[in-house]
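Student: Here's a structure for you.
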2 protein chains.
Amino acid sequence: MMTATTQKIHTHRYLLTAAQCNAQSELSPAMLVQHVIEVATEHADALGVGFKQLEADGNLWVLSRIAFEVKRYPRLLEEYSLSTWVESYNRHFSQRNFEIRGAGDEVIGYARTIWVAINMNTRRPASLDHFDFLAELVSDKECPIAPPGKIRAIDPPQMCHPYSFQVSDIDVNRHVNSSRYVELIINQMDLDTYDNFYVSRFEIEFRHEAHYADDVEVCSAFAPDGKSLVSIINLAEKPICLARTITLPRLISN
Amino acid sequence: MMTATTQKIHTHRYLLTAAQCNAQSELSPAMLVQHVIEVATEHADALGVGFKQLEADGNLWVLSRIAFEVKRYPRLLEEYSLSTWVESYNRHFSQRNFEIRGAGDEVIGYARTIWVAINMNTRRPASLDHFDFLAELVSDKECPIAPPGKIRAIDPPQMCHPYSFQVSDIDVNRHVNSSRYVELIINQMDLDTYDNFYVSRFEIEFRHEAHYADDVEVCSAFAPDGKSLVSIINLAEKPICLARTITLPRLISN
């Protein structure tokens with residue numbers, strides 16, 4: 001049965017309330033990442049390839065990478081939406097894309113994600129072989145942003161901040177919340193920076209899971225091209241995640 | 001005109017998605033506080049006493065106190081709602097209450113808030129005299145929890161943690177997000193505590209506004225009655241907020 005909930009493209013509409021805005025009266029990059037995960041989860045559930053279906057086989061979805069690019073962020077009291085579709089999948093992973101629209105359905109950005117199915121116990125890649133029906137649900141909708149690329153930490157970093165994960169950082173899976181990593185990376189630059197620049201592209205690669213009370217170091221350096229900030233969150237010598245942040249000057253508007 | 005948006009009781013429905021859950025697969029106290037502020041803002045806007053209307057007179061609403069009590073928190077994938085109404089108001093402040101309902105409209109908690117109108121520039125109390133029409137919008141719906149009481153910091157505290165406010169902690173008004181204070185206070189106890197106990201009552205009194213890069217100390221001590229944890233967030237010698245947290249053992253369920 002092809003119902004509204006088993007469509008190739010799934011859309012979730014939001015309204016940005018004052019309580020959810022950041023200091024620039026916009027949706028924050030971390031909240032955008034939280035929405036991406038939320039909308040992906042909804043669509044996978046509707047397609048019959050959600051956490052529940054994988055759990056039945058002792059498997060689960062792990063988010064491996066996100067890249068997003070926006071020309072601007074949703075603003076205070078703006079209605080916006082995220083639409084998602086599966087671009088491709090194979091035995092082990094799935095590529096899922098997103099289109100972000102603002103008021104009047106203006107397209108304001110795109111995101112790409114890579115999800116890997118792993119076995120809960122062995123933490124080794126699981127097989128998605130029996131989800132063959134997904135082939136019919138792949139969409140050829142365009143996602144005109146570059147895929148996430150390889151991120152290499154810059155040594156030595158130009159700034160390092162220690163952080164210990166707290167109760168409020170832990171998610172339903174007992175790991176650190178993915179959007180919390182985004183916040184820690186965004187926090188590497190100061191408030192004045194974000195008043196004058198916006199994050200036009202953000203990429204993050206999740207390598208290992210961090211847990212409650214883990215002590216990490218968030219280290220960043222500007223790439224030699226001067227255009228991007230490369231960040232790594234390290235737990236002892238183990239990289240938890242790597243990120244690349246590209247900022248552009250805000251246009252003065254009234 | 002008495003429309004759906006100018007009703008005495010305003011209700012906002014939510015669904016708790018996995019991305020929004022805390023480590024106990026529940027709505028967190030901080031997110032509940034964020035919802036309280038969101039729903040209050042919506043209703044005040046609908047009643048014609050919102051931030052925009054006050055702004056026209058150079059005034060704004062400041063949240064002074066919240067107290068909430070729950071028998072349990074909304075759970076993963078549960079539909080829940082917050083309903084709000086004005087209990088009373090006078091020249092300077094307004095008392096607004098909330099009822100929290102879970103699946104099947106089961107009442108699972110209540111909240112009380114006190115909002116003060118102040119002048120944007122002088123930061124002195126503003127007059128709400130010309131909002132007389134509010135008298136007709138006061139509801140006599142019952143809110144069967146004790147009002148927020150006086151909270152006195154315990155000296156010396158039993159635990160103190162330093163914290164510097166970051167980019168991701170700042171809200172649309174360029175102050176520290178109210179729900180972030182709640183997180184810092186919740187973080188005074190460890191994850192194991194929240195696995196075995198839940199916050200059954202929480203009270204917070206906001207005294208001063210903290211800003212980006214402010215260095216604070218979060219200090220707590222158990223009250224002599226052994227039932228509540230009293231916390232204070234201090235910026236140098238200035239108290240930013242005071243809170244009282246009461247926890248109860250979780251019942252074992254399957």
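Ordering of the structure tokens sets the chain letters (A, B, ...), residue numbers begin anew at 1 in every chain, and ligands are numbered from 1 in the order given.
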I want to know what sits within 10 Å of Arg65 of chain A, based on only C-alpha atoms, with residues of the same chain fewer than 2 positions away left out; could you give that as a list in words?

Tutor: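 The filter keeps Val62, Leu63, Ala67, Gln95, Arg112, Thr113, Ile114, Trp115, Val116, Pro147, Pro148, Gly149, Glu203, Ile204, Glu205, Phe206, Arg207, Cys241, Leu242 and Ala243 of chain A.
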
Student: At a cut-off of 10 Å, which residues of chain A touch chain B? Count only C-alpha atoms and give the answer as a CSV table (one decimal) with all heavy atoms, in the first residue's frame.

Tutor:
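Result file part-v2.csv:
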chain,number,residue,atom,x,y,z
A,17,THR,N,10.1,28.9,16.8
A,17,THR,CA,9.7,29.8,17.9
A,17,THR,C,10.8,30.5,18.6
A,17,THR,O,12.0,30.1,18.4
A,17,THR,CB,8.9,29.0,19.0
A,17,THR,OG1,9.8,28.1,19.6
A,17,THR,CG2,7.8,28.2,18.4
A,18,ALA,N,10.5,31.6,19.3
A,18,ALA,CA,11.6,32.4,20.0
A,18,ALA,C,12.4,31.5,20.9
A,18,ALA,O,13.6,31.6,21.0
A,18,ALA,CB,11.0,33.5,20.7
A,19,ALA,N,11.7,30.6,21.6
A,19,ALA,CA,12.4,29.7,22.6
A,19,ALA,C,13.4,28.8,21.9
A,19,ALA,O,14.4,28.3,22.6
A,19,ALA,CB,11.4,28.9,23.4
A,20,GLN,N,13.3,28.6,20.6
A,20,GLN,CA,14.2,27.7,19.9
A,20,GLN,C,15.3,28.4,19.1
A,20,GLN,O,16.2,27.7,18.6
A,20,GLN,CB,13.4,26.8,18.9
A,20,GLN,CG,12.4,25.9,19.5
A,20,GLN,CD,11.3,25.4,18.5
A,20,GLN,OE1,11.3,25.9,17.4
A,20,GLN,NE2,10.6,24.4,18.9
A,21,CYS,N,15.2,29.7,19.1
A,21,CYS,CA,16.2,30.5,18.3
A,21,CYS,C,17.6,30.6,19.0
A,21,CYS,O,17.7,30.5,20.2
A,21,CYS,CB,15.7,31.9,18.1
A,21,CYS,SG,14.6,32.2,16.8
A,22,ASN,N,18.6,30.8,18.2
A,22,ASN,CA,19.9,31.1,18.7
A,22,ASN,C,20.1,32.6,18.9
A,22,ASN,O,19.1,33.4,18.7
A,22,ASN,CB,21.0,30.4,17.9
A,22,ASN,CG,21.1,30.9,16.5
A,22,ASN,OD1,20.5,31.9,16.2
A,22,ASN,ND2,21.9,30.3,15.7
A,23,ALA,N,21.3,33.0,19.2
A,23,ALA,CA,21.6,34.4,19.5
A,23,ALA,C,21.4,35.3,18.2
A,23,ALA,O,21.2,36.5,18.3
A,23,ALA,CB,23.0,34.6,20.0
A,24,GLN,N,21.4,34.7,17.0
A,24,GLN,CA,21.2,35.4,15.8
A,24,GLN,C,19.8,35.3,15.3
A,24,GLN,O,19.5,35.6,14.1
A,24,GLN,CB,22.2,34.9,14.7
A,24,GLN,CG,23.7,35.2,15.0
A,24,GLN,CD,24.3,34.3,16.0
A,24,GLN,OE1,24.0,33.2,16.1
A,24,GLN,NE2,25.2,34.9,16.9
A,25,SER,N,18.9,34.9,16.2
A,25,SER,CA,17.5,34.8,15.9
A,25,SER,C,17.2,33.8,14.7
A,25,SER,O,16.3,34.0,13.9
A,25,SER,CB,16.8,36.1,15.6
A,25,SER,OG,16.9,37.0,16.7
A,26,GLU,N,18.0,32.8,14.7
A,26,GLU,CA,17.9,31.8,13.6
A,26,GLU,C,17.9,30.4,14.2
A,26,GLU,O,18.2,30.2,15.4
A,26,GLU,CB,19.2,31.9,12.7
A,26,GLU,CG,19.3,33.1,11.9
A,26,GLU,CD,20.7,33.3,11.3
A,26,GLU,OE1,21.6,32.5,11.6
A,26,GLU,OE2,20.8,34.2,10.4
A,28,SER,N,19.7,27.1,14.8
A,28,SER,CA,21.2,26.9,15.0
A,28,SER,C,21.6,25.7,14.1
A,28,SER,O,20.8,24.8,13.9
A,28,SER,CB,21.5,26.6,16.4
A,28,SER,OG,21.0,25.4,16.9
A,29,PRO,N,22.9,25.6,13.7
A,29,PRO,CA,23.3,24.4,13.0
A,29,PRO,C,23.1,23.1,13.8
A,29,PRO,O,22.7,22.1,13.2
A,29,PRO,CB,24.8,24.7,12.9
A,29,PRO,CG,24.9,26.2,12.9
A,29,PRO,CD,23.9,26.6,13.8
A,30,ALA,N,23.2,23.1,15.2
A,30,ALA,CA,23.0,21.9,16.0
A,30,ALA,C,21.5,21.5,15.9
A,30,ALA,O,21.2,20.3,15.8
A,30,ALA,CB,23.4,22.2,17.4
A,33,VAL,N,20.8,19.8,12.6
A,33,VAL,CA,21.3,18.4,12.7
A,33,VAL,C,20.3,17.6,13.4
A,33,VAL,O,20.0,16.4,13.0
A,33,VAL,CB,22.7,18.3,13.2
A,33,VAL,CG1,23.1,16.9,13.6
A,33,VAL,CG2,23.7,18.9,12.2
A,34,GLN,N,19.8,18.1,14.5
A,34,GLN,CA,18.8,17.3,15.3
A,34,GLN,C,17.5,17.1,14.4
A,34,GLN,O,17.0,16.0,14.4
A,34,GLN,CB,18.4,18.1,16.6
A,34,GLN,CG,17.5,17.2,17.4
A,34,GLN,CD,17.0,17.9,18.7
A,34,GLN,OE1,17.9,18.4,19.4
A,34,GLN,NE2,15.7,17.9,19.0
A,35,HIS,N,17.1,18.1,13.6
A,35,HIS,CA,16.0,17.9,12.7
A,35,HIS,C,16.3,16.8,11.7
A,35,HIS,O,15.4,16.0,11.3
A,35,HIS,CB,15.6,19.2,12.0
A,35,HIS,CG,15.0,20.2,12.9
A,35,HIS,ND1,14.4,19.9,14.1
A,35,HIS,CD2,14.7,21.5,12.7
A,35,HIS,CE1,13.9,21.0,14.6
A,35,HIS,NE2,14.1,22.0,13.8
A,36,VAL,N,17.5,16.9,11.1
A,36,VAL,CA,17.9,15.9,10.1
A,36,VAL,C,17.7,14.5,10.6
A,36,VAL,O,17.2,13.6,9.9
A,36,VAL,CB,19.3,16.2,9.6
A,36,VAL,CG1,20.0,15.0,8.9
A,36,VAL,CG2,19.4,17.4,8.7
A,37,ILE,N,18.2,14.3,11.8
A,37,ILE,CA,18.1,12.9,12.4
A,37,ILE,C,16.6,12.6,12.7
A,37,ILE,O,16.2,11.4,12.4
A,37,ILE,CB,18.9,12.9,13.7
A,37,ILE,CG1,20.4,13.1,13.4
A,37,ILE,CG2,18.7,11.6,14.5
A,37,ILE,CD1,21.3,13.3,14.6
A,38,GLU,N,15.9,13.5,13.1
A,38,GLU,CA,14.5,13.3,13.4
A,38,GLU,C,13.7,12.9,12.2
A,38,GLU,O,12.9,12.0,12.2
A,38,GLU,CB,13.9,14.6,14.0
A,38,GLU,CG,12.5,14.6,14.5
A,38,GLU,CD,12.3,15.9,15.4
A,38,GLU,OE1,12.4,17.0,14.8
A,38,GLU,OE2,12.0,15.7,16.6
A,39,VAL,N,13.9,13.7,11.1
A,39,VAL,CA,13.1,13.5,9.9
A,39,VAL,C,13.6,12.2,9.2
A,39,VAL,O,12.7,11.5,8.6
A,39,VAL,CB,13.3,14.7,9.0
A,39,VAL,CG1,12.6,14.5,7.6
A,39,VAL,CG2,12.7,16.0,9.7
A,41,THR,N,14.6,9.5,10.8
A,41,THR,CA,14.0,8.5,11.6
A,41,THR,C,12.6,8.3,11.2
A,41,THR,O,12.1,7.1,11.0
A,41,THR,CB,14.2,8.8,13.1
A,41,THR,OG1,15.6,9.1,13.4
A,41,THR,CG2,13.7,7.7,14.0
A,42,GLU,N,11.8,9.4,11.1
A,42,GLU,CA,10.4,9.3,10.7
A,42,GLU,C,10.2,8.6,9.4
A,42,GLU,O,9.4,7.7,9.3
A,42,GLU,CB,9.8,10.7,10.6
A,42,GLU,CG,9.6,11.4,11.9
A,42,GLU,CD,9.3,12.9,11.6
A,42,GLU,OE1,9.2,13.4,10.5
A,42,GLU,OE2,9.1,13.6,12.6
A,76,LEU,N,13.4,33.6,13.1
A,76,LEU,CA,12.4,33.7,14.1
A,76,LEU,C,11.0,33.8,13.5
A,76,LEU,O,10.7,34.6,12.6
A,76,LEU,CB,12.7,35.0,14.9
A,76,LEU,CG,11.6,35.3,16.0
A,76,LEU,CD1,11.5,34.3,17.0
A,76,LEU,CD2,12.0,36.6,16.7
A,165,PHE,N,31.6,15.3,29.3
A,165,PHE,CA,30.1,15.1,29.0
A,165,PHE,C,29.3,15.0,30.3
A,165,PHE,O,29.6,14.3,31.2
A,165,PHE,CB,29.9,14.0,28.0
A,165,PHE,CG,30.5,14.3,26.7
A,165,PHE,CD1,31.6,13.7,26.1
A,165,PHE,CD2,29.9,15.3,25.9
A,165,PHE,CE1,32.1,14.0,24.9
A,165,PHE,CE2,30.4,15.7,24.7
A,165,PHE,CZ,31.5,15.0,24.2
A,166,GLN,N,28.2,15.7,30.2
A,166,GLN,CA,27.3,15.8,31.4
A,166,GLN,C,26.0,15.1,31.1
A,166,GLN,O,25.7,14.7,30.0
A,166,GLN,CB,26.9,17.3,31.6
A,166,GLN,CG,28.1,18.2,31.7
A,166,GLN,CD,28.8,18.0,33.0
A,166,GLN,OE1,28.2,18.1,34.1
A,166,GLN,NE2,30.1,17.8,33.0
A,167,VAL,N,25.2,14.9,32.1
A,167,VAL,CA,23.8,14.3,32.1
A,167,VAL,C,23.0,14.8,30.9
A,167,VAL,O,22.5,14.1,30.1
A,167,VAL,CB,23.0,14.5,33.4
A,167,VAL,CG1,21.6,14.2,33.2
A,167,VAL,CG2,23.7,13.7,34.5
A,168,SER,N,23.0,16.1,30.7
A,168,SER,CA,22.2,16.7,29.7
A,168,SER,C,22.7,16.5,28.3
A,168,SER,O,22.0,16.9,27.3
A,168,SER,CB,22.0,18.2,29.9
A,168,SER,OG,23.2,18.9,29.9
A,169,ASP,N,23.9,15.9,28.1
A,169,ASP,CA,24.4,15.7,26.8
A,169,ASP,C,24.1,14.3,26.3
A,169,ASP,O,24.5,14.0,25.1
A,169,ASP,CB,26.0,15.8,26.8
A,169,ASP,CG,26.4,17.2,27.3
A,169,ASP,OD1,25.7,18.2,27.0
A,169,ASP,OD2,27.5,17.3,28.0
A,170,ILE,N,23.5,13.5,27.1
A,170,ILE,CA,23.3,12.0,26.7
A,170,ILE,C,22.0,11.8,26.1
A,170,ILE,O,21.0,12.3,26.6
A,170,ILE,CB,23.5,11.2,28.0
A,170,ILE,CG1,24.9,11.5,28.7
A,170,ILE,CG2,23.5,9.7,27.7
A,170,ILE,CD1,26.1,11.4,27.9
A,171,ASP,N,22.0,11.0,25.1
A,171,ASP,CA,20.7,10.7,24.3
A,171,ASP,C,20.1,9.4,24.7
A,171,ASP,O,20.5,8.7,25.6
A,171,ASP,CB,20.9,10.9,22.8
A,171,ASP,CG,21.7,9.7,22.3
A,171,ASP,OD1,22.0,8.7,23.0
A,171,ASP,OD2,22.0,9.8,21.1
A,172,VAL,N,19.0,9.1,24.0
A,172,VAL,CA,18.2,7.9,24.3
A,172,VAL,C,19.0,6.6,24.2
A,172,VAL,O,18.7,5.6,24.8
A,172,VAL,CB,16.9,7.9,23.4
A,172,VAL,CG1,17.3,7.8,21.9
A,172,VAL,CG2,15.9,7.0,23.8
A,173,ASN,N,20.1,6.6,23.4
A,173,ASN,CA,20.9,5.4,23.2
A,173,ASN,C,22.1,5.4,24.2
A,173,ASN,O,23.0,4.6,24.1
A,173,ASN,CB,21.5,5.4,21.8
A,173,ASN,CG,20.4,5.3,20.8
A,173,ASN,OD1,19.6,4.4,20.9
A,173,ASN,ND2,20.5,6.2,19.8
A,174,ARG,N,22.1,6.3,25.2
A,174,ARG,CA,23.1,6.4,26.2
A,174,ARG,C,24.5,6.9,25.7
A,174,ARG,O,25.5,6.7,26.3
A,174,ARG,CB,23.3,5.1,27.0
A,174,ARG,CG,22.0,4.5,27.4
A,174,ARG,CD,21.3,5.2,28.5
A,174,ARG,NE,22.0,5.0,29.8
A,174,ARG,CZ,21.5,5.5,31.0
A,174,ARG,NH1,20.4,6.2,31.0
A,174,ARG,NH2,22.2,5.3,32.1
A,175,HIS,N,24.5,7.4,24.5
A,175,HIS,CA,25.7,8.0,23.9
A,175,HIS,C,25.5,9.5,24.0
A,175,HIS,O,24.4,10.0,24.2
A,175,HIS,CB,25.9,7.6,22.4
A,175,HIS,CG,25.9,6.2,22.2
A,175,HIS,ND1,25.3,5.6,21.1
A,175,HIS,CD2,26.4,5.2,22.9
A,175,HIS,CE1,25.5,4.3,21.2
A,175,HIS,NE2,26.2,4.0,22.3
A,176,VAL,N,26.6,10.3,23.7
A,176,VAL,CA,26.5,11.7,23.6
A,176,VAL,C,25.6,12.0,22.4
A,176,VAL,O,25.7,11.4,21.3
A,176,VAL,CB,27.9,12.3,23.4
A,176,VAL,CG1,27.7,13.8,23.1
A,176,VAL,CG2,28.6,12.1,24.7
A,177,ASN,N,24.7,12.9,22.5
A,177,ASN,CA,23.8,13.4,21.5
A,177,ASN,C,24.6,14.0,20.3
A,177,ASN,O,25.4,14.8,20.5
A,177,ASN,CB,22.9,14.5,22.2
A,177,ASN,CG,21.7,14.8,21.4
A,177,ASN,OD1,21.7,15.0,20.2
A,177,ASN,ND2,20.6,14.8,22.1
A,178,SER,N,24.2,13.5,19.1
A,178,SER,CA,25.0,14.0,17.9
A,178,SER,C,25.0,15.5,17.8
A,178,SER,O,26.0,16.1,17.4
A,178,SER,CB,24.4,13.4,16.6
A,178,SER,OG,24.3,12.0,16.7
A,179,SER,N,23.8,16.1,18.1
A,179,SER,CA,23.8,17.6,17.9
A,179,SER,C,24.6,18.3,19.0
A,179,SER,O,25.0,19.4,18.8
A,179,SER,CB,22.3,18.1,17.9
A,179,SER,OG,21.7,17.8,19.2
A,180,ARG,N,24.9,17.6,20.1
A,180,ARG,CA,25.8,18.2,21.1
A,180,ARG,C,27.2,18.4,20.6
A,180,ARG,O,27.9,19.3,20.9
A,180,ARG,CB,25.7,17.4,22.4
A,180,ARG,CG,26.4,18.0,23.6
A,180,ARG,CD,25.9,19.3,24.0
A,180,ARG,NE,26.6,19.9,25.1
A,180,ARG,CZ,26.9,21.2,25.2
A,180,ARG,NH1,26.5,22.1,24.3
A,180,ARG,NH2,27.6,21.6,26.3
A,182,VAL,N,27.9,19.0,17.6
A,182,VAL,CA,27.9,20.2,16.7
A,182,VAL,C,28.0,21.4,17.5
A,182,VAL,O,28.7,22.4,17.2
A,182,VAL,CB,26.6,20.1,15.8
A,182,VAL,CG1,26.5,21.3,14.9
A,182,VAL,CG2,26.5,18.8,15.0
A,183,GLU,N,27.3,21.5,18.6
A,183,GLU,CA,27.4,22.7,19.5
A,183,GLU,C,28.8,22.9,20.0
A,183,GLU,O,29.3,24.0,20.0
A,183,GLU,CB,26.5,22.5,20.7
A,183,GLU,CG,25.0,22.7,20.4
A,183,GLU,CD,24.1,22.7,21.7
A,183,GLU,OE1,24.5,22.3,22.7
A,183,GLU,OE2,23.0,23.2,21.6
A,184,LEU,N,29.5,21.8,20.4
A,184,LEU,CA,30.8,22.0,20.9
A,184,LEU,C,31.8,22.5,19.8
A,184,LEU,O,32.6,23.3,20.1
A,184,LEU,CB,31.4,20.6,21.4
A,184,LEU,CG,30.7,20.1,22.7
A,184,LEU,CD1,31.4,18.8,23.1
A,184,LEU,CD2,30.9,21.1,23.9
A,185,ILE,N,31.5,22.1,18.6
A,185,ILE,CA,32.4,22.6,17.5
A,185,ILE,C,32.0,24.0,17.1
A,185,ILE,O,32.9,24.8,16.9
A,185,ILE,CB,32.2,21.6,16.3
A,185,ILE,CG1,32.9,20.3,16.7
A,185,ILE,CG2,32.7,22.2,15.0
A,185,ILE,CD1,32.5,19.1,15.9
A,186,ILE,N,30.7,24.3,17.1
A,186,ILE,CA,30.3,25.7,16.9
A,186,ILE,C,30.9,26.6,17.9
A,186,ILE,O,31.3,27.8,17.7
A,186,ILE,CB,28.8,25.8,16.8
A,186,ILE,CG1,28.2,25.1,15.6
A,186,ILE,CG2,28.3,27.2,16.9
A,186,ILE,CD1,28.6,25.7,14.3
A,187,ASN,N,30.9,26.1,19.2
A,187,ASN,CA,31.4,26.9,20.3
A,187,ASN,C,32.9,27.2,20.2
A,187,ASN,O,33.5,28.0,21.0
A,187,ASN,CB,31.1,26.3,21.6
A,187,ASN,CG,29.6,26.3,22.0
A,187,ASN,OD1,28.9,27.1,21.4
A,187,ASN,ND2,29.2,25.5,22.9
A,188,GLN,N,33.6,26.6,19.3
A,188,GLN,CA,35.1,26.9,19.1
A,188,GLN,C,35.3,28.4,18.7
A,188,GLN,O,36.4,28.9,18.9
A,188,GLN,CB,35.7,26.0,18.1
A,188,GLN,CG,35.8,24.5,18.6
A,188,GLN,CD,36.9,24.4,19.7
A,188,GLN,OE1,36.7,24.6,20.9
A,188,GLN,NE2,38.1,24.0,19.3
A,189,MET,N,34.3,29.0,18.0
A,189,MET,CA,34.4,30.4,17.6
A,189,MET,C,33.5,31.2,18.5
A,189,MET,O,32.6,30.7,19.1
A,189,MET,CB,34.1,30.5,16.1
A,189,MET,CG,35.2,29.9,15.2
A,189,MET,SD,35.2,30.3,13.5
A,189,MET,CE,33.9,29.2,12.9
A,190,ASP,N,33.8,32.5,18.6
A,190,ASP,CA,33.0,33.3,19.5
A,190,ASP,C,31.8,33.9,19.0
A,190,ASP,O,31.5,33.8,17.8
A,190,ASP,CB,34.0,34.4,20.2
A,190,ASP,CG,34.4,35.4,19.2
A,190,ASP,OD1,33.9,35.4,18.0
A,190,ASP,OD2,35.4,36.2,19.5
A,191,LEU,N,31.0,34.5,19.8
A,191,LEU,CA,29.7,35.1,19.5
A,191,LEU,C,29.8,36.1,18.4
A,191,LEU,O,28.9,36.2,17.5
A,191,LEU,CB,29.0,35.6,20.7
A,191,LEU,CG,27.5,36.0,20.6
A,191,LEU,CD1,26.7,34.8,20.2
A,191,LEU,CD2,27.0,36.6,21.9
A,192,ASP,N,30.8,37.0,18.5
A,192,ASP,CA,31.0,38.0,17.5
A,192,ASP,C,31.2,37.5,16.1
A,192,ASP,O,30.7,38.0,15.1
A,192,ASP,CB,32.3,38.8,18.0
A,192,ASP,CG,32.4,40.1,17.2
A,192,ASP,OD1,31.4,40.9,17.2
A,192,ASP,OD2,33.5,40.3,16.6
A,193,THR,N,31.9,36.3,16.0
A,193,THR,CA,32.1,35.7,14.7
A,193,THR,C,30.7,35.4,14.1
A,193,THR,O,30.5,35.7,12.9
A,193,THR,CB,32.9,34.4,14.9
A,193,THR,OG1,34.1,34.7,15.4
A,193,THR,CG2,33.1,33.7,13.5
A,194,TYR,N,29.8,34.8,14.9
A,194,TYR,CA,28.5,34.4,14.3
A,194,TYR,C,27.6,35.5,14.1
A,194,TYR,O,26.6,35.4,13.3
A,194,TYR,CB,27.9,33.3,15.2
A,194,TYR,CG,28.7,32.0,15.2
A,194,TYR,CD1,29.4,31.7,16.3
A,194,TYR,CD2,28.8,31.2,14.1
A,194,TYR,CE1,30.2,30.5,16.4
A,194,TYR,CE2,29.6,30.1,14.1
A,194,TYR,CZ,30.3,29.8,15.2
A,194,TYR,OH,31.1,28.6,15.2
A,212,TYR,N,28.7,9.2,28.9
A,212,TYR,CA,28.6,10.1,30.1
A,212,TYR,C,30.0,10.1,30.8
A,212,TYR,O,30.6,9.1,31.0
A,212,TYR,CB,27.6,9.6,31.0
A,212,TYR,CG,27.5,10.3,32.3
A,212,TYR,CD1,27.1,11.6,32.4
A,212,TYR,CD2,27.9,9.7,33.5
A,212,TYR,CE1,27.1,12.3,33.5
A,212,TYR,CE2,27.9,10.4,34.7
A,212,TYR,CZ,27.5,11.7,34.7
A,212,TYR,OH,27.5,12.4,35.9
A,213,ALA,N,30.4,11.3,31.2
A,213,ALA,CA,31.6,11.5,32.0
A,213,ALA,C,32.9,11.4,31.2
A,213,ALA,O,34.0,11.6,31.8
A,213,ALA,CB,31.6,10.7,33.3

Student: With only C-alpha atoms as the atoms that count, which of A:His130, A:Arg250, A:Lys150, A:Lys141 lies nearest to Lys71 of chain A?

Tutor: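 Among the listed residues, A:Arg250 lies closest to Lys71 of chain A.
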
Student: Can you tell me which residues surround Pro125 of chain A at a distance of at most 9 Å, considering only C-alpha atoms, apart from same-chain residues fewer than 5 positions away, and format the answer as a PyMOL selection string?

Tutor: chain A and resi 59+92-93+116-119

Student: To one decimal place in Å, what is the distance between atom CA of Ile151 of chain A and atom CA of Tyr198 of chain A?

Tutor: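 Distance reported for this atom pair: 20.5 Å.
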
Student: Mind the document's chain letters and residue numbers, and return as a PyMOL selection string the residues of segment 2-49 of chain B that DSSP labels helix (DSSP H, G or I).

Tutor: chain B and resi 4-6+18-20+29-47

Student: Select, from B:Pro239, B:Ile9, B:Leu60, B:Ala221, the residue with the minimum atom-to-atom distance to Thr122 of chain B, counting only C-alpha atoms.

Tutor: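 Looking at the shortest contact to Thr122 of chain B, the residue is B:Leu60.
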
Student: Identify which of the residues B:Tyr73, B:Phe197, B:Trp61, B:Phe68 lies closest to Glu106 of chain B, counting only C-alpha atoms when measuring atom-to-atom distances.

Tutor: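 Checking each of B:Tyr73, B:Phe197, B:Trp61, B:Phe68 against Glu106 of chain B, counting only C-alpha atoms, the winner is B:Tyr73.
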
Student: Determine the nearest neighbour of Arg75 of chain B from the options B:Gly102, B:Pro156, B:Gly226, B:Pro249, counting only C-alpha atoms.

Tutor: B:Gly102

Student: So that I can check the surroundings of segment 43-54 of chain B, please list as JSON, numbers by chain every protein, DNA and RNA residue that reaches within 10 Å of it, counting only C-alpha atoms and ignoring chain neighbours fewer than 2 positions away.

Tutor: {"B": [2, 3, 4, 5, 6, 7, 8, 9, 10, 11, 12, 38, 39, 40, 41, 56, 57, 58, 59, 60, 61, 62, 83, 84, 85, 86, 96, 117, 118, 119, 120, 126, 128, 131, 133, 134, 137]}

Student: What residues in segment 115-221 of chain B get the DSSP label strand (DSSP E or B)? Please answer as a PyMOL selection string.

Tutor: chain B and resi 115-119+125+138+159-164+170+176+197-206+215-221

Student: If we count only C-alpha atoms, what is near Cys143 of chain A at a cut-off of 9 Å, once residues fewer than 3 positions away on the same chain are taken out, given as a ChimeraX atom specification?

Tutor: /A:87,97-99,110-112,146

Student: Could the residues in this selection be saved with N, CA, C and O atoms as a short mmCIF file (atom, residue, chain, number, x, y, z; two decimals), in the first residue's frame?

Tutor:
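That gives us selection_8.cif:
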data_model
loop_
_atom_site.label_atom_id
_atom_site.label_comp_id
_atom_site.auth_asym_id
_atom_site.auth_seq_id
_atom_site.Cartn_x
_atom_site.Cartn_y
_atom_site.Cartn_z
N GLU A 87 18.78 8.46 -1.51
CA GLU A 87 19.45 8.62 -2.81
C GLU A 87 19.95 7.26 -3.31
O GLU A 87 19.88 6.95 -4.49
N ASN A 97 19.21 12.13 1.57
CA ASN A 97 19.39 13.57 1.37
C ASN A 97 18.19 14.37 1.89
O ASN A 97 17.14 13.80 2.16
N PHE A 98 18.40 15.66 1.97
CA PHE A 98 17.39 16.56 2.54
C PHE A 98 17.36 17.88 1.77
O PHE A 98 18.41 18.37 1.37
N GLU A 99 16.17 18.42 1.65
CA GLU A 99 16.02 19.77 1.10
C GLU A 99 15.38 20.61 2.20
O GLU A 99 14.42 20.17 2.84
N TYR A 110 20.43 22.35 1.55
CA TYR A 110 20.39 20.90 1.33
C TYR A 110 21.29 20.21 2.35
O TYR A 110 22.23 20.83 2.87
N ALA A 111 21.01 18.95 2.59
CA ALA A 111 21.90 18.16 3.43
C ALA A 111 22.05 16.76 2.85
O ALA A 111 21.16 16.27 2.16
N ARG A 112 23.20 16.17 3.11
CA ARG A 112 23.46 14.79 2.73
C ARG A 112 23.87 14.02 3.99
O ARG A 112 24.64 14.54 4.80
N ALA A 146 28.00 19.22 -2.67
CA ALA A 146 29.06 18.20 -2.70
C ALA A 146 28.86 17.19 -1.58
O ALA A 146 28.44 17.56 -0.48
#

Student: Could you jot down the atom CA of Val230 of chain A to atom CA of Gly109 of chain A separation for me, Å, one decimal place?

Tutor: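 Value for the atom CA of Val230 of chain A-atom CA of Gly109 of chain A distance: 21.4 Å.
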